[in-house]
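Q: So that you have it, the file is query.cif, and it contains mmCIF, C-alpha atoms:
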data_data
#
loop_
_atom_site.label_atom_id
_atom_site.label_comp_id
_atom_site.auth_asym_id
_atom_site.auth_seq_id
_atom_site.Cartn_x
_atom_site.Cartn_y
_atom_site.Cartn_z
CA MET A 1 14.70 -12.58 19.29
CA ASP A 2 11.19 -11.52 18.31
CA TYR A 3 11.83 -7.81 18.72
CA GLU A 4 14.58 -5.26 19.24
CA LEU A 5 14.52 -1.97 21.14
CA LEU A 6 16.51 0.98 19.77
CA GLU A 7 16.69 4.32 21.56
CA ASN A 8 16.93 7.86 20.15
CA GLN A 9 16.51 6.90 16.52
CA SER A 10 16.27 9.54 13.78
CA MET A 11 12.96 9.05 11.97
CA ALA A 12 14.64 10.34 8.82
CA GLU A 13 16.10 6.83 8.58
CA TYR A 14 12.66 5.25 8.64
CA THR A 15 10.70 7.38 6.17
CA THR A 16 11.03 7.88 2.43
CA PHE A 17 10.83 11.67 2.90
CA LYS A 18 14.16 11.38 4.81
CA VAL A 19 13.06 13.99 7.36
CA GLY A 20 11.83 13.92 10.95
CA GLY A 21 13.01 14.16 14.51
CA THR A 22 14.04 11.50 17.01
CA ALA A 23 12.00 8.61 18.32
CA LYS A 24 12.93 8.04 21.95
CA ARG A 25 12.00 4.35 21.77
CA LEU A 26 11.75 2.41 18.54
CA TYR A 27 10.89 -1.28 18.47
CA LYS A 28 11.62 -3.45 15.47
CA VAL A 29 9.32 -6.47 15.57
CA TYR A 30 10.06 -9.68 13.70
CA SER A 31 7.00 -11.85 14.37
CA VAL A 32 3.40 -11.79 15.58
CA ASP A 33 4.62 -12.92 19.00
CA GLY A 34 7.15 -10.09 19.06
CA LEU A 35 4.45 -7.60 18.10
CA LYS A 36 2.15 -8.83 20.86
CA GLU A 37 5.00 -8.72 23.37
CA VAL A 38 5.86 -5.12 22.50
CA LEU A 39 2.19 -4.11 22.64
CA ASP A 40 2.10 -5.58 26.16
CA ILE A 41 5.21 -3.59 27.07
CA CYS A 42 3.59 -0.41 25.76
CA GLY A 43 0.54 -1.04 27.93
CA ASP A 44 -1.75 2.00 27.96
CA GLU A 45 0.81 4.02 25.98
CA LYS A 46 -0.49 3.96 22.41
CA PRO A 47 2.38 3.15 20.00
CA ILE A 48 2.88 4.56 16.53
CA ILE A 49 2.93 1.74 13.97
CA ILE A 50 4.94 2.17 10.77
CA GLY A 51 6.04 -0.02 7.89
CA ASN A 52 8.29 1.27 5.10
CA GLY A 53 7.48 4.88 6.05
CA SER A 54 6.55 5.71 2.47
CA ASN A 55 3.46 7.76 3.24
CA LEU A 56 4.52 9.54 6.44
CA LEU A 57 5.70 12.98 7.46
CA VAL A 58 7.19 12.93 10.96
CA SER A 59 7.58 16.16 12.90
CA ASP A 60 11.03 17.65 13.50
CA LYS A 61 10.11 17.75 17.20
CA GLY A 62 10.43 13.97 17.38
CA LEU A 63 8.13 11.38 18.86
CA GLU A 64 7.44 10.79 22.54
CA PRO A 65 5.25 7.65 22.18
CA PRO A 66 6.94 4.34 21.33
CA VAL A 67 7.32 3.56 17.63
CA ILE A 68 6.86 0.02 16.30
CA VAL A 69 8.42 -0.79 12.93
CA ILE A 70 7.00 -3.76 11.04
CA GLY A 71 9.55 -4.41 8.30
CA ASN A 72 12.48 -6.69 7.61
CA GLY A 73 12.05 -10.04 9.34
CA PHE A 74 8.27 -9.65 9.32
CA ASP A 75 8.12 -9.94 5.54
CA LYS A 76 7.58 -13.55 4.53
CA ILE A 77 5.81 -14.15 1.18
CA THR A 78 4.36 -17.56 0.25
CA VAL A 79 2.60 -18.59 -2.94
CA GLU A 80 0.10 -21.43 -3.10
CA GLY A 81 -1.90 -21.94 -6.27
CA GLU A 82 -3.59 -18.64 -7.09
CA THR A 83 -3.15 -17.12 -3.63
CA ILE A 84 -0.25 -15.20 -2.12
CA THR A 85 0.12 -14.77 1.63
CA ALA A 86 2.31 -11.87 2.71
CA GLU A 87 3.31 -10.64 6.15
CA ALA A 88 2.76 -6.95 6.87
CA GLY A 89 6.41 -5.96 6.50
CA ALA A 90 6.76 -7.38 2.99
CA LEU A 91 7.18 -4.78 0.28
CA LEU A 92 4.30 -4.42 -2.14
CA SER A 93 6.74 -4.49 -5.05
CA LYS A 94 8.06 -7.90 -3.90
CA VAL A 95 4.53 -9.30 -3.76
CA ALA A 96 3.97 -8.08 -7.33
CA LYS A 97 7.24 -9.73 -8.35
CA ALA A 98 6.25 -13.02 -6.68
CA ALA A 99 2.95 -12.90 -8.55
CA MET A 100 4.73 -12.36 -11.86
CA GLU A 101 7.18 -15.21 -11.20
CA ASN A 102 4.22 -17.54 -10.62
CA ASP A 103 2.24 -16.37 -13.68
CA LEU A 104 -0.39 -14.67 -11.52
CA GLU A 105 -2.11 -11.54 -12.77
CA GLY A 106 -3.83 -8.74 -10.87
CA ALA A 107 -0.95 -7.26 -8.87
CA GLU A 108 0.90 -5.54 -11.73
CA PHE A 109 -0.21 -2.05 -10.64
CA ALA A 110 1.64 -2.54 -7.34
CA SER A 111 5.06 -3.28 -8.83
CA GLY A 112 6.39 0.26 -8.41
CA ILE A 113 4.64 1.30 -5.20
CA PRO A 114 7.33 1.68 -2.49
CA GLY A 115 5.17 0.85 0.53
CA SER A 116 4.83 -2.23 2.69
CA ILE A 117 1.83 -4.56 2.67
CA GLY A 118 0.64 -3.26 6.05
CA GLY A 119 0.59 0.33 4.89
CA ALA A 120 -0.94 -0.61 1.54
CA ILE A 121 -3.84 -2.37 3.23
CA TYR A 122 -4.26 0.38 5.81
CA MET A 123 -4.77 3.04 3.13
CA ASN A 124 -5.97 0.88 0.22
CA ALA A 125 -3.00 1.84 -1.94
CA GLY A 126 -3.50 2.04 -5.67
CA ALA A 127 -2.02 3.16 -8.97
CA TYR A 128 -2.78 3.05 -12.69
CA GLY A 129 -6.39 2.02 -12.18
CA GLY A 130 -5.61 -0.79 -9.73
CA GLU A 131 -6.33 -0.89 -6.01
CA ILE A 132 -5.33 -3.27 -3.23
CA LYS A 133 -8.98 -3.93 -2.39
CA ASN A 134 -9.46 -5.68 -5.74
CA ILE A 135 -7.06 -8.51 -4.87
CA VAL A 136 -7.51 -8.93 -1.09
CA LYS A 137 -9.11 -12.19 0.06
CA SER A 138 -8.55 -11.81 3.81
CA VAL A 139 -6.53 -9.81 6.33
CA ASP A 140 -5.17 -10.85 9.73
CA VAL A 141 -5.20 -7.91 12.14
CA ILE A 142 -4.67 -7.21 15.80
CA LYS A 143 -7.65 -5.36 17.24
CA ASP A 144 -7.97 -4.64 20.96
CA GLY A 145 -5.11 -7.04 21.61
CA GLU A 146 -6.75 -9.95 19.75
CA LEU A 147 -5.63 -11.54 16.48
CA ILE A 148 -8.63 -11.79 14.14
CA THR A 149 -9.22 -12.51 10.45
CA LEU A 150 -11.40 -10.28 8.29
CA SER A 151 -12.52 -10.85 4.71
CA GLY A 152 -11.75 -8.29 2.03
CA ASP A 153 -15.38 -7.14 2.15
CA GLU A 154 -15.20 -6.71 5.93
CA MET A 155 -12.25 -4.34 5.53
CA ASP A 156 -14.60 -1.63 4.20
CA PHE A 157 -12.11 -0.43 1.59
CA GLY A 158 -12.64 2.95 -0.05
CA TYR A 159 -10.49 5.56 -1.75
CA ARG A 160 -7.30 5.68 0.36
CA HIS A 161 -9.33 4.26 3.22
CA SER A 162 -9.93 1.02 5.11
CA ARG A 163 -11.65 -0.17 8.25
CA ALA A 164 -8.19 -0.47 9.84
CA MET A 165 -7.96 3.33 9.87
CA GLN A 166 -11.27 3.74 11.65
CA GLU A 167 -10.85 1.02 14.24
CA ASP A 168 -7.16 1.30 15.06
CA MET A 169 -6.22 -2.13 13.73
CA ILE A 170 -2.68 -3.35 13.19
CA ILE A 171 -2.23 -5.29 9.96
CA VAL A 172 -0.36 -8.57 10.49
CA SER A 173 -0.68 -10.45 7.21
CA VAL A 174 -2.76 -10.59 4.04
CA VAL A 175 -3.99 -13.26 1.67
CA PHE A 176 -4.28 -12.09 -1.94
CA SER A 177 -6.46 -13.84 -4.48
CA LEU A 178 -5.10 -13.60 -8.02
CA ALA A 179 -5.68 -15.40 -11.32
CA LYS A 180 -3.48 -17.40 -13.66
CA GLY A 181 -2.26 -15.28 -16.53
CA ASP A 182 0.28 -15.07 -19.33
CA LYS A 183 3.72 -14.25 -17.92
CA ASP A 184 4.79 -12.24 -20.98
CA GLU A 185 1.68 -10.07 -20.71
CA ILE A 186 2.17 -9.63 -16.95
CA VAL A 187 5.82 -8.60 -17.45
CA ALA A 188 4.87 -6.21 -20.27
CA LYS A 189 2.24 -4.53 -18.11
CA MET A 190 4.64 -4.17 -15.16
CA ASN A 191 7.35 -2.76 -17.41
CA ASP A 192 4.89 -0.28 -18.89
CA PHE A 193 3.74 0.94 -15.47
CA ASN A 194 7.31 1.24 -14.20
CA SER A 195 8.44 3.06 -17.32
CA ARG A 196 5.59 5.55 -17.00
CA ARG A 197 6.44 6.02 -13.33
CA ARG A 198 10.09 6.76 -14.11
CA ASP A 199 9.15 9.17 -16.91
CA LYS A 200 6.53 11.12 -15.00
CA GLN A 201 7.52 10.98 -11.32
CA PRO A 202 10.52 12.54 -9.49
CA LEU A 203 11.86 9.22 -8.23
CA GLU A 204 15.37 10.65 -7.88
CA TYR A 205 14.33 12.72 -4.83
CA PRO A 206 13.01 11.62 -1.42
CA SER A 207 9.24 12.02 -1.20
CA ALA A 208 6.13 10.27 0.04
CA GLY A 209 4.68 9.74 -3.42
CA SER A 210 1.49 11.63 -4.21
CA THR A 211 1.23 14.30 -1.53
CA PHE A 212 -2.49 14.97 -1.94
CA LYS A 213 -5.56 12.82 -2.46
CA ARG A 214 -7.33 13.16 -5.79
CA PRO A 215 -10.18 15.65 -5.34
CA GLU A 216 -13.43 14.54 -6.94
CA GLY A 217 -13.62 15.79 -10.51
CA TYR A 218 -10.02 17.05 -10.59
CA PHE A 219 -6.39 15.97 -10.58
CA ALA A 220 -4.34 17.39 -7.72
CA GLY A 221 -1.16 17.73 -9.80
CA LYS A 222 -2.93 19.71 -12.54
CA LEU A 223 -4.57 22.06 -10.04
CA ILE A 224 -1.18 22.71 -8.47
CA MET A 225 0.50 23.24 -11.84
CA ASP A 226 -2.29 25.55 -13.03
CA SER A 227 -1.83 27.53 -9.82
CA GLY A 228 1.71 28.37 -10.94
CA LEU A 229 3.34 26.37 -8.15
CA ALA A 230 5.64 24.09 -10.18
CA GLY A 231 9.10 24.42 -8.64
CA TYR A 232 7.83 26.49 -5.69
CA ARG A 233 10.08 26.04 -2.65
CA VAL A 234 9.94 26.41 1.08
CA GLY A 235 13.43 25.83 2.44
CA GLY A 236 14.64 22.53 1.04
CA ALA A 237 11.17 21.31 0.09
CA MET A 238 9.87 21.78 -3.46
CA VAL A 239 6.79 21.17 -5.58
CA SER A 240 8.28 18.89 -8.20
CA PRO A 241 8.32 20.51 -11.66
CA LYS A 242 8.25 16.98 -13.10
CA HIS A 243 4.98 16.09 -11.35
CA CYS A 244 3.28 18.82 -9.33
CA GLY A 245 1.39 16.27 -7.27
CA PHE A 246 4.67 15.46 -5.52
CA VAL A 247 6.31 17.52 -2.79
CA ILE A 248 9.96 16.45 -2.73
CA ASN A 249 12.89 16.77 -0.36
CA TYR A 250 14.92 18.71 -2.91
CA GLU A 251 17.79 19.88 -0.73
CA ASN A 252 18.15 18.87 2.93
CA ALA A 253 14.55 19.78 3.75
CA THR A 254 13.13 19.63 7.24
CA ALA A 255 9.70 18.23 8.06
CA THR A 256 8.65 21.82 8.80
CA ASP A 257 9.68 22.87 5.27
CA VAL A 258 7.54 20.10 3.81
CA TYR A 259 4.59 20.88 6.09
CA GLU A 260 4.65 24.62 5.35
CA LEU A 261 4.86 23.92 1.63
CA ILE A 262 1.82 21.62 1.88
CA LEU A 263 -0.11 24.39 3.66
CA HIS A 264 0.92 26.94 1.04
CA VAL A 265 -0.17 24.69 -1.83
CA GLN A 266 -3.54 24.09 -0.15
CA GLU A 267 -4.05 27.82 0.36
CA VAL A 268 -3.14 28.86 -3.20
CA VAL A 269 -5.16 26.10 -4.90
CA ASN A 270 -8.17 26.87 -2.72
CA GLU A 271 -7.93 30.59 -3.56
CA LYS A 272 -7.64 29.98 -7.30
CA PHE A 273 -10.02 27.06 -7.80
CA GLY A 274 -12.10 26.76 -4.62
CA VAL A 275 -10.77 23.23 -4.04
CA MET A 276 -9.24 22.33 -0.68
CA LEU A 277 -6.68 19.60 -1.31
CA GLU A 278 -6.55 16.92 1.35
CA PRO A 279 -3.12 15.48 2.15
CA GLU A 280 -2.63 11.82 1.35
CA VAL A 281 0.52 11.92 3.48
CA LYS A 282 -0.08 11.05 7.12
CA LEU A 283 1.28 13.61 9.60
CA ILE A 284 2.83 12.15 12.75
CA GLY A 285 3.85 14.24 15.74
CA ASP A 286 3.49 17.90 16.66
CA PHE A 287 3.44 20.40 13.77
CA SER A 288 2.09 23.36 15.78
#
Starting from the file, lay out its structure as structure tokens.
A:
Amino acid sequence: MDYELLENQSMAEYTTFKVGGTAKRLYKVYSVDGLKEVLDICGDEKPIIIGNGSNLLVSDKGLEPPVIVIGNGFDKITVEGETITAEAGALLSKVAKAAMENDLEGAEFASGIPGSIGGAIYMNAGAYGGEIKNIVKSVDVIKDGELITLSGDEMDFGYRHSRAMQEDMIIVSVVFSLAKGDKDEIVAKMNDFNSRRRDKQPLEYPSAGSTFKRPEGYFAGKLIMDSGLAGYRVGGAMVSPKHCGFVINYENATATDVYELILHVQEVVNEKFGVMLEPEVKLIGDFS
């Protein structure tokens, strides 16, 4: 079976924030053929495409359009020489691990990022000075129903941005170009990044990672901290005292709690510093 249809699924099960209402129809696709088949079924009804749900906030009101999940089963990773090919549902951390196991350097920054390859390409994920765009050779996407291949340059990568965002593309698979390196050095770098992540980020709570994009000339977390918002709560949502750039699901939060806290943080930071923080988290559904 190339896909599976599930009805009335809680989106809290499909996002790392662990919040969100019900999707009336949720398709799990396991191959390119399955994805094409489901897109045909959807017809003119535009589906919502998700991967690991690590950068999403889904409304408590649920989702009327069909949801397509590209995840387990659509996650093959193959290594050939200095290239790694990964399907869109593969986890970024597993690609980094495959690189390490094959003495390939360049993907260490990705070892602790919780997202899938599709989402990482879509938003040009990055951490600790590394970005996906630096290691992408080519990307297979579905655009207007056709499967096409684009080079890394053709993806128009920018800060938390790619051409896929602009042109409504669905990421299918990616070829990464890496370089031979020293395994001990690769492991040491990955361990260092992961140690820093554990020390500085509230990984023990559900979240979507960094809630806001980095404003030019500033750090979002510092602006929020300097605004006196560390530990500030709306319902079960909280600005993490450990890292103020993270809004966390501290205690049975709703999506509305998280959304209202994001709005409050934006308002306070803008009042104090004249900087309007832009959410990095993608809002899906009705928050009115």
Q: Please return as a ChimeraX atom specification every residue within 8 Å of (8.5, 15.5, 11.9), taking into account all atoms listed in the file and the file's own coordinates.
A: /A:11,19-21,57-62,254-256,283-287
Q: Let me see the file: selected residues, C-alpha atoms, as a PDB file, in the coordinates of the input.
A:
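Output file selection.pdb follows:
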ATOM      1  CA  MET A  11      12.960   9.050  11.970  1.00  0.00           C
ATOM      2  CA  VAL A  19      13.060  13.990   7.360  1.00  0.00           C
ATOM      3  CA  GLY A  20      11.830  13.920  10.950  1.00  0.00           C
ATOM      4  CA  GLY A  21      13.010  14.160  14.510  1.00  0.00           C
ATOM      5  CA  LEU A  57       5.700  12.980   7.460  1.00  0.00           C
ATOM      6  CA  VAL A  58       7.190  12.930  10.960  1.00  0.00           C
ATOM      7  CA  SER A  59       7.580  16.160  12.900  1.00  0.00           C
ATOM      8  CA  ASP A  60      11.030  17.650  13.500  1.00  0.00           C
ATOM      9  CA  LYS A  61      10.110  17.750  17.200  1.00  0.00           C
ATOM     10  CA  GLY A  62      10.430  13.970  17.380  1.00  0.00           C
ATOM     11  CA  THR A 254      13.130  19.630   7.240  1.00  0.00           C
ATOM     12  CA  ALA A 255       9.700  18.230   8.060  1.00  0.00           C
ATOM     13  CA  THR A 256       8.650  21.820   8.800  1.00  0.00           C
ATOM     14  CA  LEU A 283       1.280  13.610   9.600  1.00  0.00           C
ATOM     15  CA  ILE A 284       2.830  12.150  12.750  1.00  0.00           C
ATOM     16  CA  GLY A 285       3.850  14.240  15.740  1.00  0.00           C
ATOM     17  CA  ASP A 286       3.490  17.900  16.660  1.00  0.00           C
ATOM     18  CA  PHE A 287       3.440  20.400  13.770  1.00  0.00           C
TER      19      PHE A 287
END
Q: Taking the file as I've supplied it (selection: the PyMOL selection byres ((chain A and resi 246) around 9)), which residues are included? Please answer as a list in words.
A: Gln201, Pro202, Ser207, Ala208, Gly209, Ser210, Thr211, Phe212, Gly221, Met238, Val239, Ser240, Pro241, Lys242, His243, Cys244, Gly245, Val247 and Ile248 of chain A
Q: CA of Lys97 (chain A) and CA of Lys180 (chain A), how far apart in Å?
A: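 That distance, rounded to one decimal, is 14.2 Å.
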Q: Nearest to Ile70 (chain A) among A:Gly235, A:Gly89, A:Gly119, A:Gly53, with distances taken over only C-alpha atoms: which residue is it?
A: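 Between A:Gly235, A:Gly89, A:Gly119, A:Gly53, the residue approaching Ile70 (chain A) most closely is A:Gly89.
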Q: Could you tell me which residues the PyMOL selection byres ((chain A and resi 170) around 7) returns for this structure, as a list of chain:residue names?
A: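 When the PyMOL selection byres ((chain A and resi 170) around 7) is applied, the selected residues are A:Val141, A:Ile142, A:Lys143, A:Asp168, A:Met169, A:Ile171, A:Val172.
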Q: Between A:Leu150, A:Val175, A:Ala88, A:Met276, which residue has the minimum interatomic distance to Gly71 (chain A), considering all atoms listed in the file?
A: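 Smallest separation from Gly71 (chain A) among the options: A:Ala88.
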Q: Would you translate the PyMOL selection byres ((chain A and resi 48) around 9) into the concrete set of residues it matches in this file, as a ChimeraX atom specification?
A: /A:46-47,49-50,63,65-69,284
Q: In Å, with one decimal, what is the gap from CA of Asn252 (chain A) to CA of Gly236 (chain A)?
A: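 That distance, rounded to one decimal, is 5.4 Å.
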Q: Show which residues sit within 12 Å of region 157-164 of chain A, as a PyMOL selection string. Count only C-alpha atoms, and ignore same-chain residues fewer than 6 positions away.
A: chain A and resi 55+118-127+129-136+139-144+150-151+170-172+210+212-216+278-282
Q: Just to confirm, what's the straight-line distance from CA of Asn249 (chain A) to CA of Gly274 (chain A) in Å (one decimal)?
A: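 Taking CA of Asn249 (chain A) and CA of Gly274 (chain A), their separation equals 27.2 Å.
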Q: Neighbouring residues of Val174 (chain A) were defined as those with any atom within 6 Å, considering all atoms listed in the file; residues of the same chain fewer than 4 positions away were excluded. Please report them as a PyMOL selection string.
A: chain A and resi 85-86+138-139
Q: Report as JSON, numbers by chain all protein, DNA and RNA residues lying within 6 Å of Met190 (chain A), evaluated on all atoms listed in the file, omitting residues in the same chain fewer than 3 positions from it.
A: {"A": [108, 187, 193]}
Q: For Lys76 (chain A), which of A:Gly106, A:Tyr30, A:Asp40, A:Lys24 is the closest residue, counting only C-alpha atoms?
A: A:Tyr30
Q: Residues within 12 Å of Ala188 (chain A), please, as JSON, numbers by chain. Count only C-alpha atoms; anything in the same chain fewer than 5 positions from it doesn't count.
A: {"A": [100, 105, 108, 109, 111, 182, 183, 193, 194, 195]}
Q: Compare A:Val258, A:Gly34, A:Asn102, A:Val234 by their minimum atom-to-atom distance to Ile186 (chain A), counting only C-alpha atoms, and give me the closest one.
A: A:Asn102
